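Novice: Contents of start15.pdb (PDB, C-alpha atoms):
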MODEL        1
ATOM      1  CA  MET C   6       5.499 135.165-106.709
ATOM      2  CA  SER C   7       8.954 136.201-105.505
ATOM      3  CA  ASP C   8       8.322 134.279-102.271
ATOM      4  CA  LEU C   9       7.585 130.999-104.050
ATOM      5  CA  PRO C  10      10.352 128.365-103.996
ATOM      6  CA  PHE C  11      12.003 127.327-107.235
ATOM      7  CA  VAL C  12      10.994 123.785-108.189
ATOM      8  CA  SER C  13      13.029 121.278-110.165
ATOM      9  CA  ILE C  14      11.060 118.481-111.812
ATOM     10  CA  ILE C  15      13.328 115.514-112.473
ATOM     11  CA  VAL C  16      12.492 112.735-114.914
ATOM     12  CA  PRO C  17      14.551 109.596-115.586
ATOM     13  CA  CYS C  18      13.772 108.516-119.134
ATOM     14  CA  TYR C  19      14.556 105.821-121.693
ATOM     15  CA  ASN C  20      12.749 105.226-124.999
ATOM     16  CA  GLU C  21       9.573 107.087-124.037
ATOM     17  CA  GLU C  22       8.583 108.682-127.331
ATOM     18  CA  ALA C  23       4.975 107.525-126.841
ATOM     19  CA  THR C  24       4.447 109.406-123.563
ATOM     20  CA  ILE C  25       7.164 112.047-123.016
ATOM     21  CA  ARG C  26       5.242 114.717-124.934
ATOM     22  CA  LYS C  27       2.147 114.104-122.791
ATOM     23  CA  LEU C  28       4.235 114.614-119.656
ATOM     24  CA  LEU C  29       5.794 117.849-120.916
ATOM     25  CA  GLU C  30       2.431 119.247-121.984
ATOM     26  CA  ALA C  31       0.996 118.422-118.554
ATOM     27  CA  LEU C  32       3.918 120.222-116.906
ATOM     28  CA  ARG C  33       3.432 123.295-119.072
ATOM     29  CA  ALA C  34      -0.233 123.323-117.971
ATOM     30  CA  GLN C  35       0.707 123.527-114.273
ATOM     31  CA  THR C  36      -0.912 126.241-112.171
ATOM     32  CA  TYR C  37       2.467 126.849-110.506
ATOM     33  CA  PRO C  38       4.340 129.721-112.246
ATOM     34  CA  LEU C  39       6.470 128.384-115.097
ATOM     35  CA  ALA C  40       9.142 130.970-114.270
ATOM     36  CA  LYS C  41       9.595 129.152-110.946
ATOM     37  CA  MET C  42       9.992 125.711-112.525
ATOM     38  CA  GLU C  43      12.542 123.743-114.503
ATOM     39  CA  VAL C  44      12.376 120.251-115.991
ATOM     40  CA  VAL C  45      15.533 118.140-115.984
ATOM     41  CA  ILE C  46      15.255 114.944-118.039
ATOM     42  CA  SER C  47      17.974 112.360-117.477
ATOM     43  CA  ASP C  48      17.947 110.299-120.658
ATOM     44  CA  GLY C  49      19.447 106.798-120.631
ATOM     45  CA  MET C  50      20.724 106.996-124.223
ATOM     46  CA  SER C  51      17.316 106.519-125.860
ATOM     47  CA  THR C  52      17.358 104.782-129.231
ATOM     48  CA  ASP C  53      13.869 105.807-130.382
ATOM     49  CA  ARG C  54      12.519 109.319-131.139
ATOM     50  CA  THR C  55      12.339 110.439-127.493
ATOM     51  CA  LEU C  56      14.996 113.124-127.865
ATOM     52  CA  GLU C  57      13.371 114.426-131.042
ATOM     53  CA  ALA C  58      10.030 114.723-129.240
ATOM     54  CA  ILE C  59      11.692 116.671-126.415
ATOM     55  CA  ALA C  60      13.544 118.946-128.852
ATOM     56  CA  SER C  61      10.326 119.656-130.739
ATOM     57  CA  PHE C  62       8.593 120.623-127.501
ATOM     58  CA  GLN C  63      11.503 122.900-126.524
ATOM     59  CA  GLN C  64      11.294 124.729-129.842
ATOM     60  CA  GLU C  65       7.547 125.218-129.561
ATOM     61  CA  HIS C  66       7.384 126.161-125.870
ATOM     62  CA  ALA C  67      10.323 128.229-124.671
ATOM     63  CA  ASP C  68       8.312 129.420-121.646
ATOM     64  CA  LEU C  69       9.057 126.164-119.788
ATOM     65  CA  ALA C  70      12.724 125.483-119.075
ATOM     66  CA  VAL C  71      13.491 121.922-120.192
ATOM     67  CA  ARG C  72      17.002 120.459-120.117
ATOM     68  CA  VAL C  73      18.240 117.014-121.123
ATOM     69  CA  VAL C  74      21.266 115.397-119.509
ATOM     70  CA  GLN C  75      22.814 112.087-120.539
ATOM     71  CA  ASN C  76      22.489 109.175-118.118
ATOM     72  CA  GLN C  77      25.316 106.970-119.343
ATOM     73  CA  ALA C  78      24.809 104.445-116.525
ATOM     74  CA  ARG C  79      21.317 103.876-117.986
ATOM     75  CA  THR C  80      19.611 102.962-114.707
ATOM     76  CA  ILE C  81      16.705 104.683-112.973
ATOM     77  CA  PRO C  82      18.488 105.592-109.696
ATOM     78  CA  SER C  83      21.558 106.904-111.544
ATOM     79  CA  GLY C  84      19.255 108.972-113.727
ATOM     80  CA  VAL C  85      17.408 110.380-110.725
ATOM     81  CA  ASN C  86      20.653 111.253-108.929
ATOM     82  CA  GLN C  87      22.164 112.853-112.006
ATOM     83  CA  ALA C  88      19.075 114.983-112.546
ATOM     84  CA  ILE C  89      19.158 116.080-108.890
ATOM     85  CA  ARG C  90      22.823 117.075-109.198
ATOM     86  CA  GLU C  91      22.142 119.073-112.356
ATOM     87  CA  SER C  92      19.024 120.779-110.987
ATOM     88  CA  ARG C  93      18.878 123.997-108.958
ATOM     89  CA  GLY C  94      15.489 123.972-107.217
ATOM     90  CA  GLY C  95      15.048 124.055-103.463
ATOM     91  CA  ILE C  96      12.136 121.632-103.892
ATOM     92  CA  ILE C  97      12.531 118.583-106.111
ATOM     93  CA  VAL C  98       9.552 116.827-107.679
ATOM     94  CA  ARG C  99      10.266 113.438-109.160
ATOM     95  CA  LEU C 100       8.066 112.268-112.016
ATOM     96  CA  ASP C 101       8.094 109.415-114.494
ATOM     97  CA  ALA C 102       8.028 109.604-118.279
ATOM     98  CA  HIS C 103       4.945 107.337-118.112
ATOM     99  CA  SER C 104       3.068 109.878-115.977
ATOM    100  CA  MET C 105       0.823 112.865-116.578
ATOM    101  CA  PRO C 106       0.266 115.076-113.489
ATOM    102  CA  ILE C 107      -2.905 117.096-112.936
ATOM    103  CA  PRO C 108      -2.521 120.918-113.375
ATOM    104  CA  GLU C 109      -2.336 121.506-109.600
ATOM    105  CA  TYR C 110       0.290 118.811-108.991
ATOM    106  CA  VAL C 111       3.356 120.998-108.405
ATOM    107  CA  GLU C 112       1.374 123.677-106.578
ATOM    108  CA  ARG C 113      -0.035 121.113-104.128
ATOM    109  CA  CYS C 114       3.367 119.485-103.579
ATOM    110  CA  VAL C 115       4.842 122.864-102.657
ATOM    111  CA  ALA C 116       1.874 123.699-100.408
ATOM    112  CA  ALA C 117       2.262 120.379 -98.569
ATOM    113  CA  HIS C 118       5.922 121.092 -97.890
ATOM    114  CA  GLN C 119       5.278 124.645 -96.805
ATOM    115  CA  SER C 120       2.658 123.417 -94.331
ATOM    116  CA  GLY C 121       5.109 120.829 -92.965
ATOM    117  CA  LYS C 122       3.071 117.722 -93.761
ATOM    118  CA  GLY C 123       5.988 115.494 -94.631
ATOM    119  CA  ASP C 124       9.603 115.214 -95.683
ATOM    120  CA  ASN C 125       8.745 113.247 -98.822
ATOM    121  CA  VAL C 126       5.292 114.020-100.162
ATOM    122  CA  GLY C 127       3.499 112.152-102.931
ATOM    123  CA  GLY C 128       0.041 111.459-104.210
ATOM    124  CA  VAL C 129      -2.074 108.831-105.922
ATOM    125  CA  TRP C 130      -2.155 107.306-109.359
ATOM    126  CA  GLU C 131      -4.986 107.090-111.824
ATOM    127  CA  ILE C 132      -3.821 104.175-113.945
ATOM    128  CA  ARG C 133      -4.652 104.158-117.649
ATOM    129  CA  PRO C 134      -3.835 101.574-120.327
ATOM    130  CA  GLY C 135      -0.602 101.916-122.233
ATOM    131  CA  ALA C 136      -2.311 100.990-125.528
ATOM    132  CA  GLN C 137      -5.797 100.740-126.980
ATOM    133  CA  THR C 138      -6.105  96.958-126.681
ATOM    134  CA  TRP C 139      -8.148  94.688-124.431
ATOM    135  CA  ILE C 140      -5.047  93.263-122.759
ATOM    136  CA  ALA C 141      -3.590  96.726-122.098
ATOM    137  CA  GLU C 142      -6.882  97.776-120.533
ATOM    138  CA  SER C 143      -6.949  94.582-118.456
ATOM    139  CA  ILE C 144      -3.429  95.342-117.222
ATOM    140  CA  ALA C 145      -4.479  98.861-116.194
ATOM    141  CA  PHE C 146      -7.379  97.464-114.146
ATOM    142  CA  ALA C 147      -5.116  94.807-112.589
ATOM    143  CA  ALA C 148      -2.517  97.421-111.620
ATOM    144  CA  ALA C 149      -5.150  99.232-109.554
ATOM    145  CA  HIS C 150      -6.973  96.164-108.183
ATOM    146  CA  PRO C 151      -6.483  94.951-104.561
ATOM    147  CA  LEU C 152      -5.615  91.468-105.846
ATOM    148  CA  GLY C 153      -2.823  93.017-107.866
ATOM    149  CA  VAL C 154      -1.410  95.592-105.449
ATOM    150  CA  GLY C 155      -2.616  94.480-102.004
ATOM    151  CA  ASP C 156      -2.774  97.450 -99.661
ATOM    152  CA  ALA C 157      -0.626  99.834-101.730
ATOM    153  CA  MET C 158      -2.768 102.853-100.923
ATOM    154  CA  TYR C 159      -1.353 105.154-103.610
ATOM    155  CA  ARG C 160      -3.150 102.970-106.176
ATOM    156  CA  LEU C 161      -6.400 102.608-104.208
ATOM    157  CA  ASN C 162      -8.882 104.958-102.543
ATOM    158  CA  ALA C 163      -6.353 106.569-100.240
ATOM    159  CA  LYS C 164      -6.672 108.816 -97.217
ATOM    160  CA  ALA C 165      -4.179 111.515 -96.311
ATOM    161  CA  GLY C 166      -1.551 110.448 -93.815
ATOM    162  CA  ALA C 167       1.872 108.977 -93.121
ATOM    163  CA  VAL C 168       2.683 105.875 -95.214
ATOM    164  CA  ASP C 169       5.605 103.564 -96.017
ATOM    165  CA  THR C 170       6.149 104.907 -99.531
ATOM    166  CA  VAL C 171       4.702 107.127-102.240
ATOM    167  CA  PRO C 172       5.076 107.043-106.024
ATOM    168  CA  PHE C 173       7.697 109.475-107.328
ATOM    169  CA  GLY C 174       7.606 111.865-104.366
ATOM    170  CA  SER C 175       8.646 115.477-103.783
ATOM    171  CA  PHE C 176      11.188 116.643-101.246
ATOM    172  CA  ARG C 177      13.454 119.497-100.311
ATOM    173  CA  ARG C 178      17.038 119.350-101.551
ATOM    174  CA  ALA C 179      18.120 119.434 -97.902
ATOM    175  CA  LEU C 180      16.609 115.954 -97.426
ATOM    176  CA  VAL C 181      19.037 114.441 -99.947
ATOM    177  CA  GLU C 182      21.906 116.272 -98.255
ATOM    178  CA  LYS C 183      20.744 114.799 -94.924
ATOM    179  CA  ILE C 184      20.101 111.126 -95.759
ATOM    180  CA  GLY C 185      21.967 110.688 -99.040
ATOM    181  CA  ALA C 186      20.920 110.199-102.648
ATOM    182  CA  PHE C 187      19.087 107.266-104.212
ATOM    183  CA  ASP C 188      20.920 103.943-103.963
ATOM    184  CA  GLU C 189      22.404 103.229-107.398
ATOM    185  CA  THR C 190      23.092  99.571-106.543
ATOM    186  CA  LEU C 191      19.318  98.928-106.584
ATOM    187  CA  LEU C 192      17.976  98.878-110.132
ATOM    188  CA  ALA C 193      14.387  98.857-108.811
ATOM    189  CA  ASN C 194      12.787  99.566-105.424
ATOM    190  CA  GLU C 195      15.175 102.502-105.072
ATOM    191  CA  ASP C 196      12.248 104.734-104.122
ATOM    192  CA  TYR C 197      11.094 102.372-101.356
ATOM    193  CA  GLU C 198      14.653 102.179-100.012
ATOM    194  CA  PHE C 199      14.917 105.981-100.080
ATOM    195  CA  ASN C 200      11.645 106.281 -98.184
ATOM    196  CA  THR C 201      12.852 103.711 -95.642
ATOM    197  CA  ARG C 202      15.823 105.964 -94.923
ATOM    198  CA  VAL C 203      13.493 108.953 -94.667
ATOM    199  CA  ARG C 204      11.429 107.175 -91.998
ATOM    200  CA  GLU C 205      14.417 105.744 -90.143
ATOM    201  CA  SER C 206      15.973 109.217 -89.945
ATOM    202  CA  GLY C 207      12.859 110.428 -88.124
ATOM    203  CA  GLY C 208      11.184 111.900 -91.191
ATOM    204  CA  VAL C 209       7.660 111.462 -92.511
ATOM    205  CA  VAL C 210       6.550 110.060 -95.861
ATOM    206  CA  TRP C 211       3.192 111.700 -96.518
ATOM    207  CA  LEU C 212       0.451 110.630 -98.919
ATOM    208  CA  GLU C 213      -1.728 113.525-100.078
ATOM    209  CA  PRO C 214      -4.694 112.289-102.174
ATOM    210  CA  SER C 215      -5.243 115.708-103.772
ATOM    211  CA  ILE C 216      -1.877 115.277-105.508
ATOM    212  CA  ARG C 217      -2.832 113.117-108.456
ATOM    213  CA  SER C 218      -1.278 111.909-111.670
ATOM    214  CA  VAL C 219      -2.192 109.627-114.537
ATOM    215  CA  TYR C 220       0.155 106.680-114.928
ATOM    216  CA  PHE C 221       0.234 104.673-118.160
ATOM    217  CA  SER C 222       0.656 100.971-117.390
ATOM    218  CA  ARG C 223       2.492  98.428-119.532
ATOM    219  CA  SER C 224       0.768  97.474-122.763
ATOM    220  CA  THR C 225       1.477  93.721-123.015
ATOM    221  CA  LEU C 226       1.728  90.742-120.658
ATOM    222  CA  GLY C 227       5.386  90.315-121.626
ATOM    223  CA  LYS C 228       6.259  93.877-120.644
ATOM    224  CA  LEU C 229       4.195  93.551-117.469
ATOM    225  CA  ALA C 230       5.943  90.313-116.474
ATOM    226  CA  ALA C 231       9.380  91.837-117.144
ATOM    227  CA  GLN C 232       8.460  94.845-115.001
ATOM    228  CA  TYR C 233       7.275  92.722-112.073
ATOM    229  CA  TRP C 234      10.183  90.264-112.336
ATOM    230  CA  ARG C 235      12.484  93.286-111.940
ATOM    231  CA  TYR C 236      10.423  94.553-108.989
ATOM    232  CA  GLY C 237      10.599  91.175-107.226
ATOM    233  CA  PHE C 238      14.281  90.634-107.958
ATOM    234  CA  TRP C 239      15.357  93.959-106.509
ATOM    235  CA  LYS C 240      12.871  93.835-103.634
ATOM    236  CA  PHE C 241      14.815  90.882-102.222
ATOM    237  CA  LYS C 242      18.046  92.897-102.448
ATOM    238  CA  MET C 243      16.406  95.763-100.601
ATOM    239  CA  LEU C 244      14.916  93.492 -97.922
ATOM    240  CA  LYS C 245      18.338  92.010 -97.162
ATOM    241  CA  ARG C 246      19.226  95.441 -95.801
ATOM    242  CA  TYR C 247      15.867  96.256 -94.256
ATOM    243  CA  PRO C 248      14.126  92.937 -93.420
ATOM    244  CA  HIS C 249      11.751  94.665 -91.001
ATOM    245  CA  THR C 250      10.127  96.512 -93.919
ATOM    246  CA  LEU C 251       8.594  93.313 -95.386
ATOM    247  CA  ARG C 252       4.811  93.627 -95.789
ATOM    248  CA  TRP C 253       2.273  90.826 -96.193
ATOM    249  CA  ARG C 254       1.450  91.822 -99.768
ATOM    250  CA  GLN C 255       5.128  91.363-100.672
ATOM    251  CA  ALA C 256       5.453  87.958 -98.997
ATOM    252  CA  LEU C 257       2.483  86.306-100.681
ATOM    253  CA  PRO C 258       3.695  86.084-104.335
ATOM    254  CA  PRO C 259       7.020  84.352-103.547
ATOM    255  CA  ALA C 260       5.246  82.007-101.124
ATOM    256  CA  PHE C 261       2.664  81.167-103.806
ATOM    257  CA  VAL C 262       5.329  80.539-106.465
ATOM    258  CA  LEU C 263       7.478  78.475-104.078
ATOM    259  CA  ILE C 264       4.548  76.228-103.147
ATOM    260  CA  LEU C 265       3.566  75.966-106.813
ATOM    261  CA  LEU C 266       7.072  74.897-107.856
ATOM    262  CA  ALA C 267       7.360  72.427-104.981
ATOM    263  CA  LEU C 268       4.038  70.787-105.873
ATOM    264  CA  ILE C 269       4.977  70.606-109.567
ATOM    265  CA  VAL C 270       8.195  68.748-108.701
ATOM    266  CA  LEU C 271       6.564  66.467-106.111
ATOM    267  CA  SER C 272       3.671  65.694-108.457
ATOM    268  CA  LEU C 273       6.104  63.762-110.650
ATOM    269  CA  TRP C 274       6.124  61.066-107.951
ATOM    270  CA  LEU C 275       3.268  61.688-105.505
ATOM    271  CA  ALA C 276      -0.432  61.488-106.311
ATOM    272  CA  ALA C 277      -1.200  63.639-103.253
ATOM    273  CA  ALA C 278       1.013  66.400-104.637
ATOM    274  CA  ARG C 279      -0.864  66.293-107.951
ATOM    275  CA  SER C 280      -4.133  66.670-106.090
ATOM    276  CA  LEU C 281      -2.817  69.603-104.034
ATOM    277  CA  LEU C 282      -1.422  71.260-107.167
ATOM    278  CA  ALA C 283      -4.762  70.952-108.938
ATOM    279  CA  LEU C 284      -6.535  72.326-105.859
ATOM    280  CA  GLN C 285      -4.165  75.282-105.546
ATOM    281  CA  LEU C 286      -4.556  76.249-109.192
ATOM    282  CA  PHE C 287      -8.319  75.694-109.097
ATOM    283  CA  VAL C 288      -8.825  77.906-106.032
ATOM    284  CA  TYR C 289      -6.418  80.569-107.315
ATOM    285  CA  PHE C 290      -8.045  80.949-110.710
ATOM    286  CA  ILE C 291     -11.560  80.683-109.273
ATOM    287  CA  VAL C 292     -10.743  83.688-107.044
ATOM    288  CA  LEU C 293      -9.234  85.601-109.963
ATOM    289  CA  GLY C 294     -12.088  84.577-112.257
ATOM    290  CA  LEU C 295     -14.728  85.781-109.798
ATOM    291  CA  ALA C 296     -12.861  89.081-109.438
ATOM    292  CA  GLY C 297     -12.737  89.383-113.215
ATOM    293  CA  LEU C 298     -16.449  88.578-113.507
ATOM    294  CA  GLN C 299     -17.355  91.132-110.838
ATOM    295  CA  LEU C 300     -15.276  93.822-112.530
ATOM    296  CA  ALA C 301     -16.632  92.910-115.970
ATOM    297  CA  MET C 302     -20.193  93.305-114.717
ATOM    298  CA  LYS C 303     -19.353  96.591-112.994
ATOM    299  CA  THR C 304     -17.594  98.134-115.998
ATOM    300  CA  ARG C 305     -19.530  96.301-118.733
ATOM    301  CA  LYS C 306     -16.250  95.140-120.262
ATOM    302  CA  GLY C 307     -16.629  91.421-120.886
ATOM    303  CA  PHE C 308     -12.965  90.803-121.692
ATOM    304  CA  LEU C 309     -12.068  91.411-118.038
ATOM    305  CA  ILE C 310     -13.480  87.957-117.175
ATOM    306  CA  TRP C 311     -10.258  86.478-118.580
ATOM    307  CA  GLY C 312      -8.142  89.639-118.952
ATOM    308  CA  LEU C 313      -7.957  90.466-115.251
ATOM    309  CA  PRO C 314      -6.917  86.921-114.192
ATOM    310  CA  LEU C 315      -4.231  86.837-116.897
ATOM    311  CA  ALA C 316      -2.794  90.195-115.831
ATOM    312  CA  VAL C 317      -2.922  89.552-112.079
ATOM    313  CA  ALA C 318      -1.424  86.072-112.460
ATOM    314  CA  SER C 319       1.397  87.531-114.579
ATOM    315  CA  MET C 320       2.093  90.082-111.837
ATOM    316  CA  HIS C 321       2.069  87.521-109.017
ATOM    317  CA  ILE C 322       4.136  84.844-110.757
ATOM    318  CA  ALA C 323       6.710  87.237-112.226
ATOM    319  CA  TRP C 324       7.141  89.138-108.945
ATOM    320  CA  GLY C 325       7.362  85.947-106.895
ATOM    321  CA  ALA C 326       9.746  84.233-109.309
ATOM    322  CA  GLY C 327      11.979  87.304-109.501
ATOM    323  CA  PHE C 328      12.091  87.490-105.702
ATOM    324  CA  LEU C 329      12.957  83.787-105.345
ATOM    325  CA  TRP C 330      15.585  83.880-108.080
ATOM    326  CA  SER C 331      17.196  86.887-106.421
ATOM    327  CA  GLY C 332      17.437  84.917-103.178
ATOM    328  CA  ILE C 333      18.766  81.766-104.878
ATOM    329  CA  SER C 334      21.350  83.648-106.937
ATOM    330  CA  SER C 335      22.488  85.524-103.819
ATOM    331  CA  MET C 336      23.099  82.235-102.002
ATOM    332  CA  PHE C 337      25.183  80.831-104.878
ATOM    333  CA  LYS C 338      27.081  84.105-105.144
ATOM    334  CA  ASN C 339      27.842  84.146-101.421
ATOM    335  CA  GLY C 340      28.718  80.485-101.464
TER     336      GLY C 340
ENDMDL
END
As structure tokens, how would this structure be written, given the file I've shared?

Specialist:
Amino acid sequence: MSDLPFVSIIVPCYNEEATIRKLLEALRAQTYPLAKMEVVISDGMSTDRTLEAIASFQQEHADLAVRVVQNQARTIPSGVNQAIRESRGGIIVRLDAHSMPIPEYVERCVAAHQSGKGDNVGGVWEIRPGAQTWIAESIAFAAAHPLGVGDAMYRLNAKAGAVDTVPFGSFRRALVEKIGAFDETLLANEDYEFNTRVRESGGVVWLEPSIRSVYFSRSTLGKLAAQYWRYGFWKFKMLKRYPHTLRWRQALPPAFVLILLALIVLSLWLAAARSLLALQLFVYFIVLGLAGLQLAMKTRKGFLIWGLPLAVASMHIAWGAGFLWSGISSMFKNG
């Protein structure tokens, strides 16, 4: 045990009273020695009962070192960086307050680093609904479906190997000292930007399917759309710096929304545009409807016939619109 590296688990957090206890209990159940672990939660001034839930856990389970630091900037990258600064582990494991790692999570992250598999090592998500409703369950299925995430392998049936990015990730402290901390000017996509710098510095981002965690998806279409609008908005900012990192799955939603908006405007004057608009929407929702029907038959959950199309369409339109608005607002700002 004396030869094992000390591990710091860092968690940016804001108003997560519904899930923070689940995360802490999952960390206490780790097979890695608790004496070789600490949890540093960077809280963005939560206004719900998150801090009370953490304090209750600390009182009940003193065998796991849990510390809370205040993230006054109240952004994810600032929270991650603050937690890294306040931590002391040689290996850093980033997790999310919406996540619940399997018992072997930390042990397998450490083993992957000790065997030299990658500079930033992560695993795959098992996505579960954020509430016990049909729409929350539909959102969870959409967040793991190829129509929703394209070829994002950490949400699909992944194989071990080098990839563009991983969720959360684990890395040695020396990596941050080498390439720098997370970019605090990006309020989303900061992990993808960090992984881009890992790869461009000659490092390897490694996906290890045996490293698994449960991730609780958003519970309503409104929360899902807000999440994906933010993803799209900040993806454009990131791509301005690294345009060569654009992937086909990221280009399709803004292209779809741009064509949709153009046809809506042109349809005010042109009959041909109205026909093309109707055709685009018909084909789009037929594809989503067939995917929903197939999944409903496979899972025996009839609500997915309409639930999956609603969730996937919310993801596509919000992501695409956020991306386009980011580009438009940048042009006006520069102008």

Novice: If we count all atoms listed in the file and set the cut-off at 9 Å, which residues sit around His103 (chain C), ignoring sequence neighbours fewer than 3 positions away in its own chain? Please answer as number ranges by chain.

Specialist: C: 18, 21, 23-25, 27-28, 100, 135, 219-222

Novice: On this file, the PyMOL selection byres ((chain C and resi 67-77) around 6) gives some set of residues; write that set as a list of chain:residue names.

Specialist: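 That expression, the PyMOL selection byres ((chain C and resi 67-77) around 6), corresponds here to C:Leu39, C:Glu43, C:Val44, C:Val45, C:Ile46, C:Ser47, C:Asp48, C:Gly49, C:Gln63, C:His66, C:Ala78, C:Arg79, C:Gly84.
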
Novice: C:Pro10, C:Gly123, C:Pro248, C:Pro82: which is nearest Glu195 (chain C), counting all atoms listed in the file?

Specialist: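 Nearest to Glu195 (chain C): C:Pro82.
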
Novice: Measuring between only C-alpha atoms, which one of C:Ala283, C:Ala116, C:Leu191, C:Val210 shows the shortest distance to Asp169 (chain C)?

Specialist: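 Answer, going by the shortest atom-to-atom distance: C:Val210.
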
Novice: For CA of Leu271 (chain C) and CA of Leu226 (chain C), quote the distance in Å rounded to one decimal.

Specialist: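 CA of Leu226 (chain C) lies at a distance of 28.7 Å from CA of Leu271 (chain C).
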
Novice: Which one is closest to Arg279 (chain C): C:Leu265, C:Leu251, C:Ile140, C:Val292? Count all atoms listed in the file.

Specialist: C:Leu265
